[in-house]
file structure.cif (mmCIF, C-alpha atoms and all ligand atoms)
data_structure
#
loop_
_atom_site.label_atom_id
_atom_site.label_comp_id
_atom_site.auth_asym_id
_atom_site.auth_seq_id
_atom_site.Cartn_x
_atom_site.Cartn_y
_atom_site.Cartn_z
CA MET A 1 -16.51 -24.49 85.00
CA ALA A 2 -13.73 -26.84 86.17
CA SER A 3 -10.23 -25.52 85.57
CA PRO A 4 -8.44 -27.00 82.54
CA LYS A 5 -6.31 -30.13 83.02
CA THR A 6 -2.71 -29.93 81.83
CA VAL A 7 -1.12 -32.77 79.88
CA ARG A 8 2.69 -32.98 79.98
CA TRP A 9 4.33 -34.00 76.70
CA GLY A 10 7.71 -35.58 76.01
CA ILE A 11 8.96 -35.06 72.47
CA LEU A 12 10.98 -37.94 71.01
CA ALA A 13 13.22 -36.66 68.15
CA THR A 14 14.03 -33.12 67.14
CA GLY A 15 13.57 -32.99 63.34
CA GLY A 16 11.29 -30.97 61.09
CA ILE A 17 7.87 -32.21 62.11
CA ALA A 18 8.76 -32.43 65.81
CA LYS A 19 9.45 -28.70 65.70
CA THR A 20 6.20 -27.87 63.89
CA PHE A 21 4.15 -30.08 66.21
CA THR A 22 5.71 -28.69 69.38
CA LYS A 23 5.18 -25.07 68.36
CA ASP A 24 1.52 -25.83 67.60
CA LEU A 25 1.20 -27.73 70.88
CA LEU A 26 2.23 -24.64 72.84
CA VAL A 27 -0.47 -22.42 71.31
CA ASP A 28 -3.20 -21.58 73.84
CA PRO A 29 -6.08 -24.07 73.11
CA ALA A 30 -8.59 -21.29 73.84
CA THR A 31 -7.63 -19.79 70.44
CA ARG A 32 -9.47 -22.76 68.88
CA GLY A 33 -12.29 -22.87 71.39
CA VAL A 34 -10.84 -25.66 73.53
CA GLN A 35 -11.28 -24.81 77.20
CA HIS A 36 -10.94 -28.08 79.12
CA LEU A 37 -7.29 -28.89 78.58
CA ARG A 38 -3.83 -27.40 78.30
CA HIS A 39 -0.60 -28.78 76.87
CA THR A 40 2.89 -28.31 78.14
CA VAL A 41 6.25 -29.73 77.08
CA VAL A 42 8.29 -31.12 79.96
CA ALA A 43 11.06 -32.83 78.00
CA ALA A 44 12.55 -33.47 74.58
CA ALA A 45 15.12 -36.07 73.54
CA SER A 46 17.56 -36.31 70.71
CA SER A 47 19.30 -39.55 69.77
CA SER A 48 22.38 -37.57 68.78
CA SER A 49 23.13 -35.13 71.62
CA VAL A 50 21.75 -33.30 74.66
CA SER A 51 22.69 -29.99 73.09
CA ARG A 52 20.49 -30.75 70.08
CA ALA A 53 17.58 -31.43 72.42
CA GLN A 54 18.28 -28.19 74.31
CA ASP A 55 18.42 -26.19 71.06
CA PHE A 56 15.11 -27.76 70.09
CA LEU A 57 13.49 -26.70 73.38
CA ASN A 58 14.83 -23.17 72.96
CA ASP A 59 13.71 -22.92 69.32
CA THR A 60 10.18 -24.13 70.02
CA GLY A 61 9.62 -21.85 73.02
CA ALA A 62 9.19 -24.71 75.50
CA PRO A 63 9.11 -23.80 79.21
CA ALA A 64 12.55 -22.97 80.62
CA ASP A 65 12.47 -25.93 83.03
CA ALA A 66 11.78 -28.53 80.31
CA LYS A 67 14.45 -31.23 80.38
CA ALA A 68 16.79 -31.97 77.47
CA TYR A 69 17.89 -35.58 77.06
CA GLY A 70 20.57 -37.12 74.87
CA SER A 71 18.77 -40.47 74.59
CA TYR A 72 15.22 -41.67 73.99
CA GLN A 73 15.49 -44.08 76.92
CA GLU A 74 15.91 -41.18 79.35
CA LEU A 75 12.84 -39.43 77.95
CA VAL A 76 10.52 -42.43 78.31
CA SER A 77 11.81 -42.98 81.88
CA ASP A 78 10.96 -39.44 82.99
CA PRO A 79 8.09 -39.71 85.52
CA ASN A 80 6.86 -36.21 84.62
CA VAL A 81 6.04 -37.20 81.04
CA ASP A 82 2.34 -38.06 80.58
CA ILE A 83 2.52 -38.87 76.87
CA VAL A 84 5.26 -39.30 74.27
CA TYR A 85 5.07 -37.88 70.74
CA ILE A 86 7.28 -39.86 68.33
CA ALA A 87 8.70 -38.03 65.31
CA THR A 88 11.53 -40.20 64.02
CA PRO A 89 11.56 -41.58 60.43
CA HIS A 90 8.94 -44.33 59.97
CA SER A 91 11.70 -46.99 59.88
CA HIS A 92 12.21 -46.28 63.59
CA HIS A 93 8.60 -45.97 64.81
CA TYR A 94 8.22 -49.61 65.81
CA GLN A 95 11.34 -49.64 67.98
CA ASN A 96 10.66 -46.18 69.47
CA ALA A 97 6.96 -46.79 70.16
CA MET A 98 7.73 -50.14 71.78
CA LEU A 99 10.35 -48.43 73.95
CA ALA A 100 7.79 -45.91 75.17
CA LEU A 101 5.00 -48.46 75.71
CA GLU A 102 7.36 -50.80 77.59
CA ALA A 103 8.17 -47.83 79.83
CA GLY A 104 4.45 -47.37 80.51
CA LYS A 105 3.92 -44.23 78.42
CA PRO A 106 0.92 -43.43 76.20
CA VAL A 107 2.03 -42.75 72.63
CA LEU A 108 1.11 -40.49 69.74
CA CYS A 109 3.23 -41.74 66.82
CA GLU A 110 3.83 -40.00 63.50
CA LYS A 111 2.62 -41.50 60.25
CA ALA A 112 3.21 -43.94 58.68
CA PHE A 113 2.59 -45.75 61.97
CA THR A 114 5.10 -48.52 61.24
CA VAL A 115 6.82 -50.11 58.25
CA ASN A 116 4.32 -52.99 58.06
CA ALA A 117 1.07 -54.24 59.61
CA GLU A 118 2.72 -56.95 61.69
CA GLN A 119 4.76 -54.34 63.58
CA LEU A 120 1.60 -52.36 64.28
CA ARG A 121 -0.27 -55.45 65.52
CA LYS A 122 2.54 -56.00 68.02
CA LEU A 123 2.36 -52.38 69.20
CA ALA A 124 -1.43 -52.59 69.51
CA ASP A 125 -1.08 -55.80 71.55
CA LYS A 126 1.48 -54.15 73.81
CA ALA A 127 -0.71 -51.07 74.33
CA LYS A 128 -3.64 -53.33 75.20
CA GLU A 129 -1.57 -55.44 77.58
CA LYS A 130 -0.32 -52.31 79.36
CA GLU A 131 -3.66 -50.49 79.09
CA LEU A 132 -2.04 -47.52 77.36
CA PHE A 133 -3.25 -45.03 74.78
CA LEU A 134 -1.78 -45.47 71.30
CA MET A 135 -2.69 -43.41 68.23
CA GLU A 136 -1.29 -42.67 64.78
CA ALA A 137 -0.64 -38.95 64.28
CA VAL A 138 -2.77 -38.68 61.13
CA TRP A 139 -3.53 -35.09 62.04
CA THR A 140 -5.82 -34.41 59.05
CA ARG A 141 -8.52 -36.73 60.44
CA TYR A 142 -8.94 -34.41 63.42
CA PHE A 143 -9.39 -31.18 61.43
CA PRO A 144 -12.85 -29.55 61.63
CA LEU A 145 -12.74 -29.75 57.81
CA SER A 146 -12.52 -33.55 57.93
CA ILE A 147 -15.27 -33.78 60.53
CA TYR A 148 -17.47 -31.63 58.27
CA VAL A 149 -16.77 -33.81 55.21
CA ARG A 150 -17.63 -36.98 57.11
CA GLU A 151 -20.83 -35.37 58.41
CA GLN A 152 -21.85 -34.38 54.88
CA ILE A 153 -21.44 -38.03 53.89
CA THR A 154 -23.25 -39.61 56.84
CA SER A 155 -26.11 -37.11 56.53
CA GLY A 156 -26.65 -38.40 52.98
CA ARG A 157 -25.90 -35.10 51.26
CA ILE A 158 -24.54 -36.77 48.10
CA GLY A 159 -26.20 -40.16 48.58
CA PRO A 160 -24.20 -43.33 49.21
CA VAL A 161 -20.58 -42.67 48.22
CA ALA A 162 -19.91 -44.63 45.04
CA ARG A 163 -16.37 -43.57 44.22
CA VAL A 164 -13.46 -41.62 45.71
CA PHE A 165 -10.41 -40.22 43.94
CA ALA A 166 -7.64 -39.27 46.35
CA ASP A 167 -4.24 -37.97 45.41
CA ASN A 168 -1.34 -36.68 47.46
CA SER A 169 1.60 -36.02 45.18
CA MET A 170 4.45 -33.55 45.11
CA ALA A 171 6.78 -32.76 42.28
CA CYS A 172 9.88 -33.00 44.43
CA ASP A 173 12.56 -33.47 41.75
CA PRO A 174 14.16 -36.18 43.89
CA GLU A 175 17.47 -36.43 41.99
CA VAL A 176 18.11 -32.75 42.75
CA GLN A 177 16.51 -32.38 46.18
CA TRP A 178 17.83 -35.64 47.62
CA LYS A 179 20.84 -36.09 45.39
CA ASP A 180 22.89 -38.46 47.54
CA GLY A 181 19.90 -40.72 48.30
CA THR A 182 20.30 -40.53 52.09
CA ASN A 183 17.20 -38.39 52.77
CA ARG A 184 14.40 -40.36 54.47
CA MET A 185 12.10 -39.65 51.49
CA VAL A 186 14.11 -41.94 49.19
CA ASN A 187 16.42 -43.90 51.51
CA PRO A 188 15.45 -47.61 51.84
CA GLU A 189 17.15 -47.77 55.26
CA LEU A 190 14.59 -45.18 56.46
CA ALA A 191 11.59 -46.83 54.68
CA GLY A 192 11.73 -44.21 51.92
CA GLY A 193 9.31 -43.75 49.04
CA ALA A 194 6.04 -42.04 48.23
CA LEU A 195 3.59 -44.61 49.62
CA LEU A 196 4.46 -44.58 53.32
CA ASP A 197 5.15 -40.85 53.44
CA LEU A 198 2.57 -39.29 51.10
CA GLY A 199 0.29 -42.12 49.99
CA ILE A 200 -0.86 -42.59 53.56
CA TYR A 201 -2.86 -39.37 53.13
CA SER A 202 -4.52 -40.58 49.91
CA LEU A 203 -5.53 -43.72 51.82
CA THR A 204 -6.59 -41.59 54.80
CA TRP A 205 -9.08 -39.77 52.59
CA VAL A 206 -10.32 -43.01 51.06
CA PHE A 207 -10.77 -44.66 54.43
CA GLN A 208 -12.26 -41.73 56.29
CA THR A 209 -14.90 -41.23 53.60
CA LEU A 210 -15.64 -44.79 52.42
CA TYR A 211 -14.86 -46.92 55.46
CA HIS A 212 -15.09 -44.82 58.62
CA THR A 213 -18.45 -43.37 57.58
CA GLN A 214 -19.99 -46.87 57.51
CA PRO A 215 -21.63 -48.20 60.70
CA ALA A 216 -18.89 -50.01 62.66
CA ASP A 217 -20.44 -53.45 62.15
CA ALA A 218 -20.74 -52.93 58.37
CA ARG A 219 -17.10 -51.99 57.69
CA LYS A 220 -15.27 -54.56 55.58
CA PRO A 221 -11.67 -54.65 54.27
CA PRO A 222 -11.28 -53.62 50.62
CA LYS A 223 -9.93 -55.65 47.70
CA VAL A 224 -6.66 -54.09 46.53
CA LEU A 225 -4.93 -53.82 43.17
CA ALA A 226 -1.71 -51.83 42.99
CA ALA A 227 0.89 -50.58 40.54
CA MET A 228 4.20 -49.26 41.77
CA LYS A 229 7.06 -47.52 40.01
CA ASN A 230 10.43 -47.80 41.64
CA TYR A 231 12.73 -44.83 42.23
CA ALA A 232 15.74 -46.01 40.24
CA PRO A 233 18.63 -44.25 42.06
CA THR A 234 17.96 -45.89 45.46
CA LYS A 235 16.18 -48.99 44.08
CA GLN A 236 14.07 -49.91 47.16
CA ALA A 237 11.70 -46.93 47.37
CA ASP A 238 8.59 -46.20 45.34
CA GLU A 239 8.50 -43.09 43.20
CA THR A 240 4.85 -43.42 42.16
CA THR A 241 2.13 -45.74 43.48
CA THR A 242 -1.45 -46.21 42.32
CA ILE A 243 -3.93 -48.30 44.29
CA VAL A 244 -7.42 -49.34 43.20
CA LEU A 245 -9.67 -50.37 46.08
CA SER A 246 -13.08 -52.00 46.10
CA PHE A 247 -15.00 -51.80 49.39
CA PRO A 248 -17.69 -54.44 49.85
CA ARG A 249 -20.97 -52.84 50.95
CA SER A 250 -24.49 -54.20 51.22
CA HIS A 251 -26.96 -53.60 48.42
CA GLN A 252 -29.13 -51.48 50.77
CA ALA A 253 -26.11 -49.26 51.64
CA GLY A 254 -25.35 -48.60 47.97
CA GLY A 255 -23.40 -51.73 46.97
CA ASP A 256 -19.63 -51.97 46.49
CA ALA A 257 -17.79 -48.66 46.40
CA HIS A 258 -14.58 -47.94 44.53
CA ALA A 259 -11.58 -45.74 45.20
CA ILE A 260 -8.35 -44.80 43.53
CA ALA A 261 -5.54 -43.67 45.82
CA THR A 262 -2.50 -42.20 44.10
CA THR A 263 0.80 -40.74 45.18
CA SER A 264 4.00 -39.62 43.52
CA LEU A 265 7.29 -37.92 44.29
CA ARG A 266 7.64 -36.97 40.61
CA VAL A 267 4.43 -35.15 39.69
CA ALA A 268 2.19 -32.78 41.64
CA THR A 269 -1.51 -32.98 42.52
CA SER A 270 -1.74 -29.41 41.25
CA PRO A 271 1.39 -28.00 39.60
CA ALA A 272 3.15 -24.80 40.64
CA GLY A 273 1.42 -24.74 44.01
CA ASN A 274 -1.82 -23.47 42.46
CA GLN A 275 -4.01 -25.68 44.62
CA ASP A 276 -6.85 -25.13 42.18
CA VAL A 277 -7.50 -28.78 41.33
CA PRO A 278 -9.49 -30.85 43.82
CA GLY A 279 -7.05 -33.59 44.83
CA ILE A 280 -9.85 -35.37 46.66
CA ARG A 281 -13.22 -36.05 44.99
CA ILE A 282 -15.91 -37.96 46.87
CA GLN A 283 -18.72 -38.88 44.52
CA GLY A 284 -22.26 -40.06 45.10
CA PRO A 285 -25.39 -40.09 42.91
CA GLY A 286 -26.40 -36.70 44.36
CA GLY A 287 -23.13 -34.90 43.57
CA GLU A 288 -19.60 -34.66 44.91
CA ILE A 289 -17.50 -33.24 47.71
CA GLN A 290 -14.18 -31.76 46.65
CA VAL A 291 -11.21 -31.10 48.89
CA PHE A 292 -8.39 -28.93 47.59
CA PRO A 293 -4.68 -29.63 48.10
CA PRO A 294 -2.60 -30.30 49.97
CA ALA A 295 -4.40 -33.49 51.06
CA PHE A 296 -2.58 -33.46 54.41
CA ARG A 297 -3.48 -29.85 55.28
CA PRO A 298 -6.48 -28.78 53.22
CA THR A 299 -8.17 -25.46 53.94
CA ARG A 300 -10.86 -25.43 51.25
CA THR A 301 -13.85 -27.61 50.31
CA ARG A 302 -16.52 -27.42 47.63
CA ILE A 303 -19.79 -29.32 47.38
CA VAL A 304 -21.32 -29.59 43.92
CA LEU A 305 -24.80 -31.13 43.81
CA GLN A 306 -26.72 -32.50 40.84
CA ASP A 307 -29.35 -29.77 41.30
CA GLY A 308 -26.73 -27.11 40.55
CA THR A 309 -26.01 -26.10 44.15
CA VAL A 310 -22.36 -25.14 44.72
CA GLU A 311 -21.09 -24.54 48.25
CA ASP A 312 -17.56 -23.30 48.85
CA LYS A 313 -16.07 -23.22 52.32
CA ASP A 314 -12.75 -22.01 53.70
CA TRP A 315 -11.22 -23.66 56.73
CA PRO A 316 -8.38 -21.43 57.94
CA GLN A 317 -6.30 -22.82 60.79
CA PRO A 318 -6.71 -20.91 64.06
CA GLY A 319 -3.76 -19.75 66.16
CA PRO A 320 -2.47 -16.79 68.15
CA GLY A 321 -3.68 -14.48 65.36
CA GLU A 322 -2.39 -11.65 63.22
CA GLY A 323 -0.12 -9.22 65.01
CA SER A 324 1.17 -11.93 67.37
CA GLY A 325 4.50 -12.17 65.57
CA TRP A 326 4.21 -15.98 65.88
CA ARG A 327 4.79 -18.20 62.90
CA ASN A 328 4.77 -21.90 62.33
CA GLY A 329 5.14 -24.12 59.29
CA PHE A 330 6.86 -27.26 58.13
CA GLY A 331 10.26 -27.24 56.46
CA ALA A 332 10.60 -24.34 54.06
CA THR A 333 6.91 -23.45 54.35
CA THR A 334 5.66 -20.66 56.58
CA ASN A 335 2.01 -20.12 57.34
CA ALA A 336 0.53 -16.66 57.73
CA GLU A 337 1.43 -14.76 60.89
CA GLY A 338 -0.47 -16.17 63.85
CA GLU A 339 -1.88 -19.13 61.91
CA GLY A 340 -1.33 -22.59 63.35
CA HIS A 341 -0.18 -25.50 61.23
CA GLY A 342 -3.10 -27.60 62.48
CA MET A 343 -1.29 -30.27 64.47
CA PHE A 344 -2.96 -29.16 67.70
CA TRP A 345 -6.24 -30.90 66.76
CA GLU A 346 -4.67 -34.36 67.02
CA ALA A 347 -2.79 -33.27 70.15
CA ASP A 348 -6.10 -32.22 71.73
CA GLU A 349 -7.58 -35.61 70.89
CA ALA A 350 -4.61 -37.47 72.40
CA ALA A 351 -4.55 -35.29 75.53
CA ASP A 352 -8.30 -35.63 75.98
CA ALA A 353 -7.92 -39.41 75.74
CA VAL A 354 -5.16 -39.41 78.37
CA ILE A 355 -7.29 -37.28 80.69
CA ASN A 356 -10.41 -39.39 80.21
CA GLY A 357 -8.78 -42.82 80.03
CA ARG A 358 -9.57 -43.59 76.37
CA LYS A 359 -7.02 -45.89 74.73
CA GLU A 360 -7.49 -45.00 71.04
CA GLY A 361 -8.23 -42.02 68.80
CA ARG A 362 -11.93 -41.51 68.09
CA TYR A 363 -11.59 -40.82 64.39
CA GLU A 364 -9.19 -43.65 63.60
CA GLY A 365 -8.91 -46.56 65.96
CA LEU A 366 -6.10 -49.09 65.93
CA ASP A 367 -8.07 -51.64 63.88
CA GLU A 368 -8.44 -49.10 61.10
CA SER A 369 -4.76 -48.09 61.26
CA ILE A 370 -3.84 -51.79 61.03
CA LEU A 371 -6.13 -52.27 58.03
CA ILE A 372 -4.52 -49.31 56.26
CA MET A 373 -1.07 -50.76 56.97
CA GLU A 374 -2.34 -54.06 55.49
CA VAL A 375 -3.38 -52.23 52.32
CA MET A 376 0.09 -50.67 52.11
CA ASP A 377 1.69 -54.10 52.71
CA GLU A 378 -0.39 -55.52 49.85
CA ALA A 379 0.53 -52.62 47.55
CA ARG A 380 4.20 -53.17 48.34
CA LYS A 381 3.82 -56.93 47.76
CA GLN A 382 2.21 -56.39 44.36
CA GLY A 383 4.79 -53.74 43.54
CA GLY A 384 7.74 -55.87 44.71
CA LEU A 385 8.96 -53.35 47.28
CA THR A 386 10.68 -54.67 50.39
CA TYR A 387 12.84 -52.82 52.90
CA PRO A 388 15.93 -54.07 54.74
CA ASP A 389 15.14 -56.85 57.26
CA LYS A 390 16.22 -54.79 60.25
CA ILE A 391 13.42 -52.26 59.68
CA GLU A 392 10.77 -54.83 58.64
CA THR A 393 11.44 -56.99 61.71
CA THR A 394 9.20 -57.21 64.77
CA LYS A 395 12.18 -58.22 66.91
CA TYR A 396 12.47 -55.80 69.78
CA PRO A 397 14.90 -54.39 70.65
CA THR A 398 16.77 -54.16 67.35
CA GLN A 399 19.61 -51.69 67.02
CA LEU A 400 18.99 -49.46 63.98
N1 LIG E 1 2.26 -35.08 60.01
C1 LIG E 1 2.97 -34.47 59.08
O1 LIG E 1 2.54 -33.52 58.44
C2 LIG E 1 4.36 -34.92 58.83
C3 LIG E 1 5.21 -34.11 58.08
C4 LIG E 1 6.51 -34.54 57.90
C5 LIG E 1 6.94 -35.73 58.44
N2 LIG E 1 6.07 -36.51 59.13
C6 LIG E 1 6.51 -37.80 59.70
O2 LIG E 1 7.35 -37.53 60.81
C7 LIG E 1 8.46 -38.42 60.81
C8 LIG E 1 9.74 -37.57 60.83
O3 LIG E 1 9.79 -36.77 59.68
P1 LIG E 1 10.67 -35.41 59.61
O4 LIG E 1 10.39 -34.81 58.31
O5 LIG E 1 10.50 -34.65 60.84
O6 LIG E 1 12.11 -36.05 59.56
P2 LIG E 1 13.51 -35.35 59.94
O7 LIG E 1 13.40 -33.88 59.83
O8 LIG E 1 14.54 -36.09 59.17
O9 LIG E 1 13.66 -35.68 61.49
C9 LIG E 1 13.72 -36.99 61.96
C10 LIG E 1 14.38 -36.97 63.33
O10 LIG E 1 14.42 -38.31 63.79
C11 LIG E 1 15.60 -38.52 64.55
N3 LIG E 1 16.29 -39.71 64.08
C12 LIG E 1 16.60 -40.78 64.83
N4 LIG E 1 17.26 -41.69 64.12
C13 LIG E 1 17.40 -41.19 62.88
C14 LIG E 1 18.02 -41.65 61.69
N5 LIG E 1 18.64 -42.85 61.64
N6 LIG E 1 18.00 -40.88 60.60
C15 LIG E 1 17.36 -39.69 60.63
N7 LIG E 1 16.75 -39.19 61.73
C16 LIG E 1 16.78 -39.93 62.84
C17 LIG E 1 16.45 -37.28 64.42
O11 LIG E 1 16.28 -36.54 65.63
P3 LIG E 1 17.33 -36.69 66.84
O12 LIG E 1 18.71 -36.63 66.27
O13 LIG E 1 17.03 -35.56 67.69
O14 LIG E 1 17.07 -38.01 67.52
C18 LIG E 1 15.83 -36.49 63.30
O15 LIG E 1 15.92 -35.12 63.49
C19 LIG E 1 8.29 -39.33 59.61
O16 LIG E 1 7.72 -40.55 60.01
C20 LIG E 1 7.33 -38.59 58.71
O17 LIG E 1 6.50 -39.43 57.94
C21 LIG E 1 4.80 -36.10 59.36
#
call {"tool": "encode", "arguments": {"input": "structure.cif", "output": "structure tokens", "more": "lines below"}}
Ligand SMILES: NC(=O)c1ccc[n+]([C@@H]2O[C@H](COP(=O)([O-])OP(=O)(O)OC[C@H]3O[C@@H](n4cnc5c(N)ncnc54)[C@H](OP(=O)(O)O)[C@@H]3O)[C@@H](O)[C@H]2O)c1
result
Amino acid sequence: MASPKTVRWGILATGGIAKTFTKDLLVDPATRGVQHLRHTVVAAASSSSVSRAQDFLNDTGAPADAKAYGSYQELVSDPNVDIVYIATPHSHHYQNAMLALEAGKPVLCEKAFTVNAEQLRKLADKAKEKELFLMEAVWTRYFPLSIYVREQITSGRIGPVARVFADNSMACDPEVQWKDGTNRMVNPELAGGALLDLGIYSLTWVFQTLYHTQPADARKPPKVLAAMKNYAPTKQADETTTIVLSFPRSHQAGGDAHAIATTSLRVATSPAGNQDVPGIRIQGPGGEIQVFPPAFRPTRTRIVLQDGTVEDKDWPQPGPGEGSGWRNGFGATTNAEGEGHGMFWEADEAADAVINGRKEGRYEGLDESILIMEVMDEARKQGGLTYPDKIETTKYPTQL
């Protein structure tokens, strides 16, 4: 067998998810059965200081010779960087991704991809012009669990999907947790609110089950009806958003299919962290597929068929394993010892694309990401939510 190819990552930003992603990235891919590639981190950049970037490299266990930069420009100019992972707030993704693409770097960019669809169209055009890989880091799509769910659908297990309920909500107590309103979750200057941060996962489940599972030439944009409740303290951020979607589908394929995508900062999908309520329900005439919370990192599915069959499956995340002393997790959460967070699946996809010359992710191409951004634009339009011009603009460069 050919020896594995190594892909050299540059990490742009040093916040919470950058740390989680980088730690996962450095787990040996063989622990999840991936033999043909390896990841390494050759540089990280902070917009605030070199020392912050150096601390980040030390904390994540990056190789000792990885470079620390005090600006994003230096990172994207580093000839040793094969691909850039962007983990700034979504308000900044357009400017940061354009910076990397202009510098000739492939990009894996955190969700939500951009603030609006027009920004994403511009990035997609730039990636095409420069023949560069560009993918939204919607990690959940690349989980074996998601692949399994899509296979159950395309194999006709529950018949043509007629309806999907998808929720991703967290009872965050925003007035207490983000009291001064500056946190990116509620801050309009950082494109705050539930929809772009959490609702993207509700839409991910709707799209990957109702849209992506259709033959490519049969996929059609949905009709959208949305209700939005504003978060009063910061005014321009949604606290709760509910979207009803109707996907046109031919009579032979089952006719139009409906979905309800919901998200909230105020209430939880399943209170008290019980995770006992299926936040995702995919229904067909033959039964339903249930996915248990959290929608972004599920580890449990259940299939309930009309004939009484019930199939439960657990999907633990692989990693260095128990006894390794290694831990990863996002924010205040810590997974079990040796258990990965699950961000390596999307990293494998991106690295594989860079090695093999693919320009988009296989489980969510740019057209689909743009369509999802269009749905979020429409929800914001119906809900009356706009963000400051400087983060909605497509003008590049714009100083944020
Ligand atoms: N996939 C997932 O599960 C997941 C989970 C959480 C978040 N996310 C996404 O990842 C992105 C970052 O989220 P996060 O929770 O990591 O945020 P965070 O902890 O606040 O980190 C954001 C980082 O961006 C950089 N940054 C640059 N300009 C900034 C500004 N004006 N204000 C704040 N930070 C700025 C900072 O790093 P430097 O100072 O080093 O430049 C900061 O540490 C968001 O788009 C979010 O939606 C994804």
call {"tool": "residues_near_point", "arguments": {"input": "structure.cif", "point": "(11.3, -48.3, 46.8)", "cutoff": "10 Å", "atoms": "all atoms listed in the file", "output": "PyMOL selection string"}}
result
chain A and resi 185-188+191-195+228-240+380+383-387
call {"tool": "residues_near_point", "arguments": {"input": "structure.cif", "point": "(16.6, -39.8, 75.4)", "cutoff": "8 Å", "atoms": "only C-alpha atoms", "output": "ChimeraX atom specification"}}
result
/A:12,44-47,69-76
call {"tool": "atom_distance", "arguments": {"input": "structure.cif", "atom1": "atom CA of Tyr396 of chain A", "atom2": "atom O15 of ligand LIG 1 (chain E)"}}
result
21.9 Å
call {"tool": "closest_atom_pairs", "arguments": {"input": "structure.cif", "of": "chain A", "to": "ligand LIG 1 (chain E)", "cutoff": "9 Å", "atoms": "only C-alpha atoms and all ligand atoms", "output": "tab-separated table"}}
result
residue	atom	partner	partner_atom	distance
A:Leu12	CA	E:LIG1	O14	7.0
A:Ala13	CA	E:LIG1	O11	4.0
A:Thr14	CA	E:LIG1	O13	3.9
A:Gly15	CA	E:LIG1	O15	3.2
A:Gly16	CA	E:LIG1	O5	3.8
A:Ile17	CA	E:LIG1	O5	3.8
A:Ala18	CA	E:LIG1	O5	5.7
A:Lys19	CA	E:LIG1	O5	7.8
A:Thr20	CA	E:LIG1	C3	8.6
A:Phe21	CA	E:LIG1	N1	8.2
A:Ala44	CA	E:LIG1	O13	8.5
A:Ala45	CA	E:LIG1	O13	6.2
A:Ser46	CA	E:LIG1	O13	3.2
A:Ser47	CA	E:LIG1	O14	3.5
A:Ser48	CA	E:LIG1	O12	4.5
A:Ser49	CA	E:LIG1	O12	7.1
A:Val50	CA	E:LIG1	O13	8.7
A:Arg52	CA	E:LIG1	O13	6.4
A:Ala53	CA	E:LIG1	O13	6.3
A:Phe56	CA	E:LIG1	O13	8.4
A:Gly70	CA	E:LIG1	O13	8.2
A:Ser71	CA	E:LIG1	O14	7.7
A:Tyr72	CA	E:LIG1	O14	7.7
A:Ile86	CA	E:LIG1	C7	7.7
A:Ala87	CA	E:LIG1	C7	4.5
A:Thr88	CA	E:LIG1	O10	3.5
A:Pro89	CA	E:LIG1	O16	4.0
A:His90	CA	E:LIG1	O16	4.0
A:Ser91	CA	E:LIG1	O16	7.6
A:His92	CA	E:LIG1	N4	6.8
A:His93	CA	E:LIG1	O16	7.3
A:Cys109	CA	E:LIG1	O16	8.2
A:Glu110	CA	E:LIG1	O2	5.1
A:Lys111	CA	E:LIG1	O17	5.0
A:Ala112	CA	E:LIG1	O17	5.6
A:Phe113	CA	E:LIG1	O16	7.6
A:Thr114	CA	E:LIG1	O16	8.5
A:Ala137	CA	E:LIG1	N1	6.5
A:Val138	CA	E:LIG1	N1	6.3
A:Trp139	CA	E:LIG1	N1	6.1
A:Thr140	CA	E:LIG1	N1	8.2
A:Thr182	CA	E:LIG1	N6	8.8
A:Asn183	CA	E:LIG1	O8	7.3
A:Arg184	CA	E:LIG1	O8	6.4
A:Met185	CA	E:LIG1	O4	8.5
A:Glu189	CA	E:LIG1	N5	8.2
A:Leu190	CA	E:LIG1	N6	6.9
A:Leu196	CA	E:LIG1	O17	7.2
A:Asp197	CA	E:LIG1	O17	4.9
A:Leu198	CA	E:LIG1	O17	7.9
A:Phe296	CA	E:LIG1	O1	6.5
A:Arg297	CA	E:LIG1	O1	7.7
A:Phe330	CA	E:LIG1	C3	7.0
A:Gly331	CA	E:LIG1	O4	7.8
A:His341	CA	E:LIG1	O1	8.9
A:Met343	CA	E:LIG1	N1	7.5
A:Leu400	CA	E:LIG1	N5	7.0
call {"tool": "atom_distance", "arguments": {"input": "structure.cif", "atom1": "atom CA of Val244 of chain A", "atom2": "atom CA of Leu203 of chain A"}}
result
10.5 Å
call {"tool": "atom_distance", "arguments": {"input": "structure.cif", "atom1": "atom CA of Phe133 of chain A", "atom2": "atom CA of Asp217 of chain A"}}
result
22.9 Å
